[in-house]
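Okay, run_20.txt is below, compact mmCIF, C-alpha atoms:
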```txt
# COMPACT_ATOMS: atom_id res chain seq x y z
CA MET E 206 -70.10 -39.29 28.82
CA LYS E 207 -68.55 -40.65 31.98
CA LEU E 208 -66.28 -37.76 32.87
CA LEU E 209 -63.40 -38.21 35.29
CA ASN E 210 -63.70 -36.88 38.84
CA ASP E 211 -61.21 -34.66 40.67
CA SER E 212 -59.29 -37.60 42.12
CA GLN E 213 -58.90 -39.27 38.73
CA MET E 214 -57.72 -36.03 37.11
CA GLN E 215 -55.23 -35.45 39.90
CA GLN E 216 -53.90 -38.98 39.50
CA PHE E 217 -53.56 -38.39 35.76
CA ILE E 218 -51.62 -35.17 36.36
CA VAL E 219 -49.29 -36.95 38.78
CA ASN E 220 -48.89 -40.36 37.14
CA GLY E 221 -49.60 -39.57 33.48
CA TYR E 222 -52.26 -42.22 32.87
CA VAL E 223 -55.80 -43.26 33.76
CA THR E 224 -57.50 -46.58 32.98
CA VAL E 225 -61.17 -47.04 32.07
CA LYS E 226 -63.21 -49.97 30.77
CA ALA E 227 -65.11 -50.07 27.47
CA ASP E 228 -67.67 -52.56 28.76
CA PHE E 229 -69.04 -53.88 25.48
CA PRO E 230 -70.22 -57.50 25.48
CA ARG E 231 -67.28 -59.89 25.32
CA PRO E 232 -67.99 -60.92 21.69
CA PHE E 233 -67.23 -57.31 20.63
CA HIS E 234 -63.63 -57.57 21.81
CA GLN E 235 -63.31 -61.15 20.57
CA SER E 236 -64.33 -59.93 17.13
CA VAL E 237 -61.68 -57.18 17.17
CA TYR E 238 -59.04 -59.71 18.22
CA ALA E 239 -60.09 -62.18 15.50
CA GLN E 240 -59.96 -59.49 12.84
CA ALA E 241 -56.50 -58.44 14.00
CA GLU E 242 -55.31 -62.05 13.79
CA GLU E 243 -56.66 -62.34 10.24
CA ILE E 244 -55.18 -59.03 9.07
CA PHE E 245 -51.73 -59.65 10.53
CA SER E 246 -51.55 -63.23 9.20
CA THR E 247 -52.64 -62.33 5.67
CA GLN E 248 -51.65 -58.69 5.08
CA GLY E 249 -49.23 -57.68 7.80
CA ASN E 250 -49.53 -54.64 10.04
CA PRO E 251 -51.94 -52.08 8.49
CA GLY E 252 -50.29 -49.17 10.35
CA ASN E 253 -52.41 -46.03 10.14
CA GLY E 254 -54.99 -48.10 8.26
CA ILE E 255 -56.04 -50.05 11.37
CA LEU E 256 -59.27 -48.04 11.78
CA PRO E 257 -60.74 -48.71 8.32
CA ALA E 258 -59.43 -52.29 8.57
CA ILE E 259 -61.39 -52.85 11.83
CA PRO E 260 -64.31 -50.36 11.73
CA GLN E 261 -65.56 -51.56 15.14
CA LEU E 262 -62.77 -49.50 16.68
CA ALA E 263 -64.80 -46.39 15.90
CA ASP E 264 -67.47 -47.71 18.27
CA LEU E 265 -64.83 -48.33 20.92
CA PHE E 266 -63.66 -44.72 20.78
CA SER E 267 -67.27 -43.56 21.02
CA HIS E 268 -67.83 -45.46 24.27
CA PRO E 269 -68.96 -43.12 27.11
CA ALA E 270 -66.09 -44.13 29.40
CA VAL E 271 -63.48 -43.53 26.69
CA THR E 272 -64.92 -40.24 25.40
CA GLY E 273 -65.40 -39.11 28.99
CA ALA E 274 -61.75 -39.73 29.88
CA LEU E 275 -60.47 -38.07 26.71
CA THR E 276 -62.78 -35.07 27.13
CA SER E 277 -61.73 -34.68 30.76
CA ILE E 278 -58.05 -34.67 29.81
CA LEU E 279 -58.06 -32.94 26.39
CA GLY E 280 -61.18 -30.81 26.61
CA PRO E 281 -64.32 -30.88 24.46
CA GLY E 282 -63.88 -31.14 20.70
CA TYR E 283 -60.59 -33.06 20.90
CA ALA E 284 -59.51 -34.70 17.63
CA MET E 285 -58.32 -38.18 16.73
CA HIS E 286 -54.94 -37.76 15.04
CA PRO E 287 -54.33 -39.65 11.76
CA HIS E 288 -51.48 -41.60 13.38
CA ARG E 289 -52.52 -44.87 15.00
CA HIS E 290 -50.90 -48.29 15.27
CA CYS E 291 -51.74 -51.85 16.27
CA HIS E 292 -48.88 -53.30 18.29
CA LEU E 293 -48.44 -57.06 18.07
CA THR E 294 -46.28 -58.78 20.68
CA PRO E 295 -45.97 -62.40 19.52
CA PRO E 296 -45.11 -65.31 21.84
CA ARG E 297 -41.59 -65.20 23.33
CA GLN E 298 -40.86 -61.70 22.01
CA SER E 299 -38.50 -59.88 24.38
CA ALA E 300 -39.31 -56.64 26.14
CA GLN E 301 -38.67 -53.27 24.59
CA ARG E 302 -36.53 -50.57 26.12
CA HIS E 303 -38.41 -47.78 27.90
CA HIS E 304 -39.05 -44.92 25.49
CA GLN E 305 -41.12 -41.84 24.77
CA ASP E 306 -43.00 -41.83 21.47
CA SER E 307 -41.87 -39.35 18.85
CA TYR E 308 -44.32 -36.90 17.32
CA GLU E 309 -45.17 -38.23 13.88
CA GLU E 310 -43.61 -36.25 11.01
CA ASP E 311 -42.91 -33.45 13.48
CA LYS E 312 -40.52 -32.48 16.25
CA ASN E 313 -42.57 -31.06 19.06
CA VAL E 314 -41.28 -29.74 22.36
CA ARG E 315 -42.30 -32.09 25.16
CA HIS E 316 -44.62 -29.84 27.12
CA HIS E 317 -46.03 -30.56 30.56
CA ARG E 318 -49.47 -29.18 29.74
CA THR E 319 -51.65 -31.89 28.22
CA ARG E 320 -52.34 -31.15 24.57
CA TRP E 321 -51.54 -34.66 23.32
CA ALA E 322 -52.60 -38.05 24.67
CA MET E 323 -52.65 -41.68 23.57
CA ALA E 324 -55.19 -44.40 24.22
CA PHE E 325 -54.01 -48.01 24.60
CA TYR E 326 -56.74 -50.60 24.01
CA TYR E 327 -56.56 -54.34 24.70
CA PRO E 328 -59.01 -56.55 22.74
CA GLN E 329 -58.04 -59.55 24.90
CA ASP E 330 -57.45 -60.26 28.59
CA VAL E 331 -53.85 -59.34 29.37
CA THR E 332 -51.97 -60.89 32.28
CA VAL E 333 -48.34 -60.48 33.29
CA ASP E 334 -47.36 -63.52 31.17
CA LEU E 335 -48.90 -62.03 28.02
CA GLY E 336 -46.44 -59.13 27.91
CA PRO E 337 -48.53 -56.10 28.94
CA THR E 338 -47.49 -52.54 28.24
CA SER E 339 -45.62 -51.09 31.19
CA VAL E 340 -45.46 -47.42 32.13
CA LEU E 341 -43.20 -45.46 34.43
CA PRO E 342 -45.71 -43.46 36.50
CA ALA E 343 -45.01 -39.70 36.72
CA SER E 344 -42.24 -39.97 34.11
CA GLN E 345 -44.02 -37.82 31.49
CA TYR E 346 -42.29 -34.70 32.82
CA TYR E 347 -38.76 -36.06 32.28
CA THR E 348 -36.68 -36.03 29.11
CA SER E 349 -33.86 -37.96 30.82
CA ARG E 350 -34.05 -41.75 30.61
CA ASN E 351 -31.89 -42.03 33.72
CA GLN E 352 -34.33 -39.87 35.69
CA ALA E 353 -37.38 -41.72 34.33
CA GLU E 354 -35.99 -45.17 35.06
CA LYS E 355 -35.57 -44.39 38.73
CA ILE E 356 -39.33 -44.95 38.91
CA GLU E 357 -40.69 -48.46 39.39
CA GLU E 358 -42.61 -49.62 36.32
CA TYR E 359 -46.31 -50.46 36.43
CA LEU E 360 -47.80 -53.18 34.21
CA LEU E 361 -51.07 -52.31 32.46
CA CYS E 362 -52.78 -55.67 32.86
CA GLY E 363 -56.53 -55.91 32.39
CA GLU E 364 -59.56 -57.58 30.89
CA ALA E 365 -60.56 -57.23 27.26
CA GLY E 366 -61.92 -53.71 26.80
CA THR E 367 -59.33 -52.09 29.05
CA VAL E 368 -58.40 -48.63 27.71
CA THR E 369 -55.58 -46.62 29.26
CA VAL E 370 -55.31 -42.93 28.34
CA VAL E 371 -51.74 -41.71 28.78
CA HIS E 372 -49.94 -38.38 28.53
CA TYR E 373 -48.13 -38.53 25.20
CA ASP E 374 -44.70 -38.10 26.80
CA LEU E 375 -45.05 -40.90 29.37
CA TRP E 376 -42.15 -43.37 29.29
CA HIS E 377 -43.43 -46.87 28.46
CA ARG E 378 -42.55 -50.16 26.77
CA ALA E 379 -43.93 -53.55 25.76
CA THR E 380 -42.80 -56.27 28.18
CA THR E 381 -41.82 -59.85 27.36
CA ASN E 382 -44.63 -62.12 26.12
CA ARG E 383 -44.07 -65.41 27.94
CA SER E 384 -47.32 -66.97 26.72
CA ASP E 385 -48.18 -68.93 23.57
CA CYS E 386 -50.66 -66.29 22.32
CA ASN E 387 -50.38 -63.10 20.33
CA ARG E 388 -50.92 -59.96 22.36
CA TYR E 389 -52.48 -56.97 20.57
CA MET E 390 -52.57 -53.37 21.78
CA MET E 391 -54.28 -50.73 19.63
CA LYS E 392 -52.65 -47.32 20.09
CA PHE E 393 -54.49 -44.18 18.98
CA LEU E 394 -53.29 -40.60 19.26
CA PHE E 395 -55.51 -37.63 20.22
CA CYS E 396 -54.99 -33.87 20.17
CA ARG E 397 -56.46 -31.02 22.22
CA MET E 398 -58.19 -28.51 19.95
CA THR E 399 -59.11 -25.77 22.44
CA GLU E 400 -57.24 -24.32 25.39
CA PRO E 401 -58.84 -24.86 28.82
CA THR E 402 -60.93 -21.99 30.16
CA VAL E 403 -63.02 -24.05 32.60
CA PRO E 404 -62.59 -27.58 33.99
CA SER E 405 -63.59 -30.27 31.48
CA TRP E 406 -64.13 -33.01 34.08
CA GLU E 407 -66.50 -33.36 37.05
CA ASN E 408 -64.74 -30.72 39.13
CA THR E 409 -65.99 -30.00 42.64
CA SER E 410 -63.02 -28.11 44.12
CA PRO E 411 -60.26 -25.92 42.62
CA VAL E 412 -57.90 -26.83 45.47
CA TRP E 413 -54.97 -29.13 44.81
CA PRO E 414 -55.17 -31.51 47.80
CA ALA E 415 -52.23 -32.05 50.12
CA SER E 416 -52.74 -35.81 49.69
CA ALA E 417 -51.80 -35.48 45.99
CA ALA E 418 -48.79 -33.25 46.57
CA GLY E 419 -46.23 -36.01 47.26
CA ASN E 420 -42.51 -35.21 47.39
CA HIS E 421 -41.53 -35.41 43.71
CA LEU E 422 -42.83 -32.44 41.72
CA PRO E 423 -45.54 -30.73 43.83
CA LYS E 424 -45.10 -27.26 42.32
CA LEU E 425 -45.14 -28.66 38.78
CA TRP E 426 -48.28 -30.73 39.47
CA GLN E 427 -50.09 -27.77 41.03
CA SER E 428 -49.21 -25.61 38.03
CA VAL E 429 -50.56 -28.19 35.57
CA TRP E 430 -53.73 -28.56 37.68
CA SER E 431 -54.18 -24.78 37.64
CA TRP E 432 -53.82 -24.76 33.83
CA HIS E 433 -56.41 -27.52 33.41
CA LEU E 434 -58.78 -25.49 35.59
CA GLY E 435 -58.41 -22.64 33.09
CA SER E 436 -56.41 -20.13 35.11
CA GLY E 437 -53.44 -20.22 32.71
CA GLY E 438 -50.94 -18.79 35.20
CA PRO E 439 -49.01 -19.53 38.40
CA SER E 440 -51.13 -20.49 41.39
CA GLN E 441 -49.49 -17.88 43.61
CA GLY E 442 -46.89 -15.12 43.61
CA ARG E 443 -44.28 -14.35 46.23
CA ASP E 444 -41.87 -11.55 46.90
CA ALA E 445 -38.35 -11.68 45.53
CA ALA E 446 -37.07 -12.10 49.07
CA ASP E 447 -38.57 -15.60 49.13
CA ILE E 448 -36.23 -16.84 46.39
CA ASP E 449 -33.66 -19.41 47.48
CA ASN E 450 -30.66 -17.88 45.74
CA GLY E 451 -28.46 -20.87 46.54
CA THR E 452 -30.60 -23.41 44.69
CA THR E 453 -31.27 -21.00 41.82
CA ALA E 454 -27.56 -20.28 41.43
CA GLU E 455 -26.89 -24.03 41.30
CA LEU E 456 -29.52 -24.39 38.59
CA GLU E 457 -28.03 -21.50 36.62
CA GLY E 458 -24.67 -23.21 36.89
CA ALA E 459 -26.15 -26.42 35.53
CA VAL E 460 -27.65 -24.50 32.60
CA GLN E 461 -24.21 -23.08 31.80
CA GLY E 462 -22.64 -26.52 31.96
CA GLU E 463 -20.83 -25.85 35.23
CA SER E 464 -22.64 -28.62 37.11
CA GLY E 465 -23.81 -31.79 35.45
CA ASP E 466 -24.97 -33.37 38.70
CA LEU E 467 -28.22 -31.49 39.30
CA PRO E 468 -31.02 -34.07 38.79
CA GLU E 469 -33.77 -33.21 36.35
CA VAL E 470 -36.38 -33.48 39.11
CA VAL E 471 -34.57 -30.73 41.04
CA GLN E 472 -34.25 -28.53 37.95
CA LEU E 473 -37.96 -28.82 37.20
CA GLU E 474 -39.10 -28.02 40.72
CA GLU E 475 -36.76 -25.04 40.81
CA VAL E 476 -38.07 -23.44 37.60
CA TYR E 477 -41.65 -23.95 38.78
CA ARG E 478 -40.74 -22.39 42.12
CA LEU E 479 -39.29 -19.41 40.24
CA ALA E 480 -42.51 -19.24 38.21
CA GLY E 481 -44.37 -18.55 41.44
CA GLN E 482 -42.30 -15.42 42.07
CA ARG E 483 -42.97 -11.96 40.72
CA GLN E 484 -40.56 -9.87 38.66
CA GLU E 485 -37.41 -11.38 40.16
CA GLY E 486 -38.61 -14.84 39.13
CA VAL E 487 -39.18 -13.88 35.50
CA ARG E 488 -35.85 -12.03 35.43
CA ARG E 489 -33.98 -15.12 36.59
CA LEU E 490 -35.87 -17.38 34.17
CA MET E 491 -35.22 -15.07 31.21
CA LYS E 492 -31.52 -14.99 32.11
CA MET E 493 -31.50 -18.79 32.16
CA LEU E 494 -33.28 -18.91 28.80
CA SER E 495 -30.76 -16.57 27.18
CA GLU E 496 -27.95 -18.93 28.23
CA GLU E 497 -29.69 -22.27 27.83
CA ALA E 498 -31.05 -21.88 24.28
CA PRO E 499 -27.65 -21.34 22.58
CA ALA E 500 -25.84 -23.68 24.98
CA LEU E 501 -28.09 -26.66 24.19
CA LEU E 502 -28.62 -25.88 20.51
CA ASN E 503 -26.15 -28.36 19.04
CA HIS E 504 -27.18 -31.07 21.50
CA ASN E 505 -30.87 -30.65 20.72
CA LEU E 506 -30.31 -30.49 16.98
CA SER E 507 -28.31 -33.73 17.05
CA ALA E 508 -30.79 -35.56 19.31
CA GLN E 509 -33.39 -37.66 17.50
CA HIS E 510 -36.93 -36.29 17.32
CA THR E 511 -35.98 -33.22 19.39
CA ASN E 512 -37.08 -29.63 18.87
CA PRO E 513 -34.17 -27.24 19.61
CA SER E 514 -36.47 -25.36 22.01
CA GLN E 515 -36.54 -28.28 24.48
CA LEU E 516 -35.36 -26.18 27.43
CA VAL E 517 -36.00 -26.45 31.16
CA SER E 518 -36.27 -22.66 31.60
CA GLY E 519 -39.21 -22.66 29.16
CA PHE E 520 -41.36 -24.62 31.60
CA GLY E 521 -41.03 -21.95 34.26
CA LEU E 522 -41.76 -19.14 31.81
CA SER E 523 -44.83 -20.97 30.49
CA ALA E 524 -46.07 -21.35 34.05
CA GLN E 525 -45.60 -17.62 34.66
CA GLY E 526 -48.27 -16.93 32.05
CA SER E 527 -49.02 -13.36 30.97
CA ALA E 528 -46.29 -11.95 33.23
CA ALA E 529 -43.64 -13.46 30.96
CA VAL E 530 -45.16 -12.29 27.66
CA PRO E 531 -43.53 -8.81 27.38
CA HIS E 532 -40.10 -10.32 28.06
CA LEU E 533 -40.63 -13.06 25.48
CA LEU E 534 -41.70 -10.51 22.86
CA ASN E 535 -38.30 -8.86 23.24
CA THR E 536 -36.64 -12.26 22.80
CA LEU E 537 -38.73 -12.89 19.69
CA ARG E 538 -36.65 -10.11 18.09
CA SER E 539 -33.30 -11.64 19.09
CA GLN E 540 -30.53 -11.97 16.50
CA LYS E 541 -30.14 -15.61 17.57
CA TRP E 542 -32.70 -17.85 15.91
CA SER E 543 -32.50 -20.36 18.76
CA LEU E 544 -33.82 -17.69 21.12
CA ARG E 545 -36.51 -16.59 18.67
CA ALA E 546 -37.66 -20.21 18.28
CA ALA E 547 -37.70 -20.70 22.05
CA ALA E 548 -39.73 -17.54 22.61
CA ALA E 549 -42.28 -18.62 19.99
CA ASP E 550 -42.61 -22.04 21.59
CA ILE E 551 -43.06 -20.67 25.12
CA LEU E 552 -45.67 -18.15 23.94
CA GLY E 553 -47.57 -21.06 22.38
CA ASP E 554 -47.37 -23.05 25.60
CA ILE E 555 -48.69 -20.06 27.55
CA GLY E 556 -51.65 -20.15 25.16
CA LEU E 557 -54.59 -17.79 25.58
CA PRO E 558 -52.87 -15.40 28.03
CA ALA E 559 -50.30 -14.72 25.27
CA ALA E 560 -52.89 -13.17 22.94
CA ALA E 561 -50.92 -9.89 22.84
CA ALA E 562 -48.15 -11.77 21.02
CA VAL E 563 -50.29 -12.64 17.97
CA PRO E 564 -49.08 -9.83 15.63
CA HIS E 565 -45.47 -10.63 16.53
CA LEU E 566 -45.97 -14.37 15.97
CA ILE E 567 -47.56 -13.65 12.58
CA ASP E 568 -44.41 -11.72 11.67
CA SER E 569 -42.39 -14.75 12.80
CA LEU E 570 -44.09 -16.89 10.14
CA GLU E 571 -41.75 -15.18 7.64
CA ASP E 572 -38.60 -15.92 9.67
CA ASP E 573 -35.67 -17.40 7.74
CA ALA E 574 -35.30 -20.14 10.37
CA GLU E 575 -37.72 -23.03 9.89
CA TRP E 576 -37.78 -23.77 13.63
CA VAL E 577 -39.01 -20.25 14.36
CA ARG E 578 -41.73 -20.65 11.72
CA ARG E 579 -42.68 -24.10 13.05
CA ASN E 580 -42.98 -22.98 16.67
CA ALA E 581 -44.79 -19.75 15.78
CA THR E 582 -47.25 -21.73 13.65
CA GLU E 583 -48.11 -24.04 16.53
CA ALA E 584 -48.36 -21.10 18.93
CA LEU E 585 -50.94 -19.33 16.78
CA GLY E 586 -53.09 -22.45 16.79
CA ASN E 587 -53.01 -22.65 20.59
CA ILE E 588 -53.92 -18.97 20.92
CA ALA E 589 -56.54 -19.53 18.18
CA SER E 590 -56.45 -16.04 16.76
CA PRO E 591 -58.50 -15.40 13.59
CA GLU E 592 -55.95 -12.70 12.69
CA ALA E 593 -53.51 -15.48 11.79
CA VAL E 594 -55.73 -17.32 9.28
CA LYS E 595 -54.50 -15.60 6.12
CA SER E 596 -50.82 -16.02 7.00
CA LEU E 597 -51.26 -19.64 8.08
CA ALA E 598 -53.11 -20.44 4.85
CA SER E 599 -50.27 -18.95 2.82
CA LEU E 600 -47.74 -20.97 4.82
CA LEU E 601 -49.75 -24.15 4.28
CA THR E 602 -49.32 -24.02 0.52
CA LYS E 603 -45.93 -22.31 0.14
CA ASP E 604 -43.57 -23.29 2.97
CA SER E 605 -40.82 -25.70 1.93
CA CYS E 606 -40.70 -27.40 5.34
CA SER E 607 -43.22 -30.23 5.82
CA PHE E 608 -43.50 -29.88 9.59
CA VAL E 609 -44.27 -26.17 9.20
CA ARG E 610 -47.10 -27.05 6.77
CA HIS E 611 -48.18 -29.88 9.10
CA ASN E 612 -48.62 -27.43 11.99
CA ALA E 613 -50.21 -24.77 9.79
CA ALA E 614 -53.00 -27.19 8.88
CA LEU E 615 -53.48 -28.27 12.50
CA SER E 616 -53.55 -24.67 13.71
CA LEU E 617 -56.20 -23.81 11.12
CA ALA E 618 -58.22 -26.74 12.46
CA LYS E 619 -57.93 -25.30 15.97
CA ILE E 620 -58.98 -21.81 14.87
CA ASN E 621 -61.93 -23.59 13.21
CA ALA E 622 -64.88 -21.36 12.24
CA GLN E 623 -62.63 -18.37 11.78
CA SER E 624 -60.64 -20.34 9.16
CA ARG E 625 -63.21 -20.22 6.35
CA ASP E 626 -60.98 -17.91 4.34
CA ALA E 627 -58.39 -20.70 4.36
CA PHE E 628 -60.67 -23.17 2.59
CA PRO E 629 -58.93 -22.87 -0.84
CA ALA E 630 -55.54 -23.47 0.78
CA LEU E 631 -56.91 -26.48 2.67
CA GLU E 632 -58.26 -27.88 -0.60
CA GLN E 633 -54.85 -27.49 -2.17
CA ALA E 634 -53.16 -29.10 0.83
CA LEU E 635 -55.14 -32.30 0.23
CA GLN E 636 -52.64 -32.94 -2.57
CA ASP E 637 -49.57 -32.35 -0.39
CA ASP E 638 -46.77 -34.92 -0.59
CA ASN E 639 -46.83 -35.34 3.21
CA LEU E 640 -49.49 -37.63 4.71
CA TYR E 641 -49.94 -35.63 7.90
CA VAL E 642 -50.25 -32.32 6.08
CA ARG E 643 -53.02 -33.88 3.99
CA GLU E 644 -54.78 -35.42 6.98
CA ASN E 645 -54.58 -32.29 9.14
CA ALA E 646 -55.99 -30.30 6.22
CA ARG E 647 -58.78 -32.87 5.96
CA LEU E 648 -59.44 -32.46 9.70
CA ALA E 649 -59.63 -28.67 9.34
CA ARG E 650 -62.07 -28.97 6.43
CA ALA E 651 -64.24 -31.42 8.37
CA ARG E 652 -64.38 -29.13 11.40
CA LEU E 653 -65.37 -26.20 9.19
CA ALA E 654 -68.10 -28.27 7.57
CA CYS E 655 -69.49 -29.26 10.96
CA ASP E 656 -69.51 -25.77 12.39
```

Let me see the structure of the file written as C-alpha cells.
Amino acid sequence: MKLLNDSQMQQFIVNGYVTVKADFPRPFHQSVYAQAEEIFSTQGNPGNGILPAIPQLADLFSHPAVTGALTSILGPGYAMHPHRHCHLTPPRQSAQRHHQDSYEEDKNVRHHRTRWAMAFYYPQDVTVDLGPTSVLPASQYYTSRNQAEKIEEYLLCGEAGTVTVVHYDLWHRATTNRSDCNRYMMKFLFCRMTEPTVPSWENTSPVWPASAAGNHLPKLWQSVWSWHLGSGGPSQGRDAADIDNGTTAELEGAVQGESGDLPEVVQLEEVYRLAGQRQEGVRRLMKMLSEEAPALLNHNLSAQHTNPSQLVSGFGLSAQGSAAVPHLLNTLRSQKWSLRAAAADILGDIGLPAAAAVPHLIDSLEDDAEWVRRNATEALGNIASPEAVKSLASLLTKDSCSFVRHNAALSLAKINAQSRDAFPALEQALQDDNLYVRENARLARARLACD
C-alpha cells in the first residue's frame, strides 16, 4: 500500500479530503465510463448495485494508492459500507446546493474523529466545464451551513482515475456541467472497524507542526491528530486558573439561548480549549451538557437526519477522554433520556478509554428510549468489548427500531472474533426487512469467517 505521510494526514485533518491517483492504464477508466453510459441509458441508476454492475470497481478500490489512503485515514481492516452511488451530472445540469450527506438508514452524530469516509472516483477527465464535485475545505467540523459557506469552495478537477477520500461530514456539491458530455462520479462509503492505538500512516513525528495550526480550529485539529496517533485524550492539561472565564461564560450563554451570535467556529475552539483543562474544564463542560441536551432536543428531533445528541459540549467531553468517563456514567443514569442518549454517544466517541463504561452501556441497551439504545449500541462497537456480544445479538433480532438493529450488526462486526456466539442472530438478521441490517449482518459474518 502507498500509505499517506504526515503532511498528507495533517492536510486531511485540516481540510477533510486527500486526493490520490489510481494509475491504471487509460483503457481501464474508459471501460468503466462506457459501462456506466450503457447502464444509465438502458437501466437507469443502479444505486447500491453499481459494484456488481461494474465489477472493475473492485479492482479500483484494491489499488495501492486507494487502499493506502483509506488505511491511513480509517485504520487497517476498514470496511466498505453497502451504500454506494454513481452520480451522473448530464450536460447543462445546474449546480447542487452545498450539503452534508446523511447516514444511510441511520441518524448518526456528526463526530470530528474519523470513523466514516467517502471515496469519490472519476472514470473520465474532469475539467471545470464538466461540473466537478466541489468541497468546502475544513467544513467537516461544522453543522451550520452559514459557517461552512464562509469557506471558499475548491473544485475537484482531475484526470481519469482521480480518487478523493473525504471525511464523511465534509460539505460538498456537484457544480454545473457546462459541457456536452455526461460526467460520472462513483461515490463509495467506508467505515473504520478498529479504534486507533498507533498511527496507521507513515508517521515520523507525533508533533502537530506550527505550519499546520492556522487560525481556524488549531485546538480541534491537534485533538483529532492526537486521537489518530492513538493517544485518545487531550494533548495537554492546564490548571483551572488558565481558563478564560469571559469566553466560557459567553459560550454557556449561547448554549442557554441567551446569545445567538457566537459563531460555531468560536464555540468549537472554546470546548476544545476547555477539554485541555483539568477538573474545572470537565465541570464546565458537564454543566453545558446538562443545559444543552434538553435545550436543543426539540430542534434536533425536528431537523432532518439529526441525532438528538448533536451537541457542541459533547466534542469537548470526547476530547477529554478517560477524565470525563466517571461524570458521564452519572449522566447515563439521568431521568432525562436526552441526557442519557448524549452520555452514551460521548462515551462511544471517547472509544477505548471508556472501557469502564461497558457494563453501564450494556444496561442502556434495555432503555425505553430508542435513541439511548441506538447510541449505546454504537458505543459498544467502538469500545469493542466481548462482554457486549450476547446483549447486542439479542438486540439484533428483537429490537423494534431498525437503526438500533443496524448498529447492533455493525458493532458485532467491529467486535469481530469475539462475536462467534452471535452467529445464530447474524444468520437470522440476514432475513431482516431493512437492507442495511442485512448487509451489516453479512459483513459481520464475513469478518468472522475470515478470522

For this session: Just give me the gap between CA of Pro411 (chain E) and CA of Asp211 (chain E) in Å, one decimal is fine.
Result: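 The value is 9.0 Å.
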
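Environment of (-44.8, -37.9, 26.4): residues at most 10 Å away, judged by all atoms listed in the file, are E:Gly221, E:His304, E:Gln305, E:Asp306, E:Ser307, E:Tyr308, E:Val314, E:Arg315, E:His316, E:His317, E:Thr319, E:Trp321, E:Ala322, E:Met323, E:Ser344, E:Gln345, E:Tyr346, E:Tyr347, E:Thr348, E:Val371, E:His372, E:Tyr373, E:Asp374, E:Leu375, E:Trp376, E:His377.
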
For this session: With a distance cut-off of 9 Å and all atoms listed in the file, select the neighbouring residues of Arg579 (chain E), excluding the residue or stretch itself and same-chain residues fewer than 2 positions from it, and output the selection as number ranges by chain.
Result: E: 546, 549-550, 570, 574-577, 581-584, 606, 608-613

Problem set entry | Best match for closeness to Gly586 (chain E) among E:Arg397, E:Lys355, E:Arg643, E:Arg488, counting all atoms listed in the file | E:Arg397

For this session: Give me the residues within 9 Å of Glu358 (chain E) as number ranges by chain, counting only C-alpha atoms and dropping any in the same chain fewer than 3 places off.
Result: E: 339-342, 354, 377

Problem set entry | Selection as JSON, numbers by chain: residues within 12 Å of (-46.7, -12.8, 9.9), counting all atoms listed in the file | {"E": [562, 563, 564, 565, 566, 567, 568, 569, 570, 571, 572, 577, 578, 581, 582, 585, 592, 593, 594, 595, 596, 597, 598, 599, 600]}

For the selection just defined, write its residues with C-alpha atoms to a file, as a short mmCIF file (atom, residue, chain, number, x, y, z; two decimals), in the frame of the given file.
```
data_model
loop_
_atom_site.label_atom_id
_atom_site.label_comp_id
_atom_site.auth_asym_id
_atom_site.auth_seq_id
_atom_site.Cartn_x
_atom_site.Cartn_y
_atom_site.Cartn_z
CA ALA E 562 -48.15 -11.77 21.02
CA VAL E 563 -50.29 -12.64 17.97
CA PRO E 564 -49.08 -9.83 15.63
CA HIS E 565 -45.47 -10.63 16.53
CA LEU E 566 -45.97 -14.37 15.97
CA ILE E 567 -47.56 -13.65 12.58
CA ASP E 568 -44.41 -11.72 11.67
CA SER E 569 -42.39 -14.75 12.80
CA LEU E 570 -44.09 -16.89 10.14
CA GLU E 571 -41.75 -15.18 7.64
CA ASP E 572 -38.60 -15.92 9.67
CA VAL E 577 -39.01 -20.25 14.36
CA ARG E 578 -41.73 -20.65 11.72
CA ALA E 581 -44.79 -19.75 15.78
CA THR E 582 -47.25 -21.73 13.65
CA LEU E 585 -50.94 -19.33 16.78
CA GLU E 592 -55.95 -12.70 12.69
CA ALA E 593 -53.51 -15.48 11.79
CA VAL E 594 -55.73 -17.32 9.28
CA LYS E 595 -54.50 -15.60 6.12
CA SER E 596 -50.82 -16.02 7.00
CA LEU E 597 -51.26 -19.64 8.08
CA ALA E 598 -53.11 -20.44 4.85
CA SER E 599 -50.27 -18.95 2.82
CA LEU E 600 -47.74 -20.97 4.82
#
```

For this session: Counting all atoms listed in the file, figure out which residue out of E:Ser236, E:Thr276, E:Gln329, E:Thr536 gets nearest to Ile259 (chain E).
Result: E:Ser236

For this session: For each of E:Leu534, E:Val487, E:Val471, E:Ala480, take the minimum atom-to-atom distance to Gly521 (chain E), counting all atoms listed in the file, then give the residue where this is smallest.
Result: E:Ala480

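Using all atoms listed in the file, the smallest distance between any of E:Ala547, E:Val642, E:Val225, E:Leu209 and Asn408 (chain E) comes from E:Leu209.
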
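Distance check against Ala415 (chain E) using only C-alpha atoms: of E:Gln235, E:Asn580, E:Gln427, E:Asn645, the minimum falls on E:Gln427.
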
Exercise. Can you tell me how far CA of Met398 (chain E) sits from CA of Lys619 (chain E), in Å to one decimal?
Worked result: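 We find that CA of Met398 (chain E) and CA of Lys619 (chain E) lie 5.1 Å from each other.
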
For this session: Provide the CA of Cys396 (chain E) to CA of Gln301 (chain E) distance in Å, to one decimal place.
Result: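 Taking CA of Cys396 (chain E) as the start and CA of Gln301 (chain E) as the end point, the length is 25.7 Å.
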
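Of the listed residues (E:Ser277, E:Thr369, E:Gln472, E:Asn621), E:Thr369 comes nearest to Leu394 (chain E); the distances count all atoms listed in the file.
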
Exercise. Can you list, as a PyMOL selection string, every protein, DNA or RNA residue that comes within 12 Å of Val271 (chain E) when you count all atoms listed in the file, leaving out same-chain residues fewer than 4 positions away?
Worked result: chain E and resi 206-209+223-229+262-267+275-279+323-326+366-370+393+395

For this session: Might you pull out every residue within 12 Å of Phe245 (chain E), with only C-alpha atoms counted and same-chain residues fewer than 3 positions away left off, and present them as a PyMOL selection string?
Result: chain E and resi 238-242+248-252+255+258-259+291-295+387-389
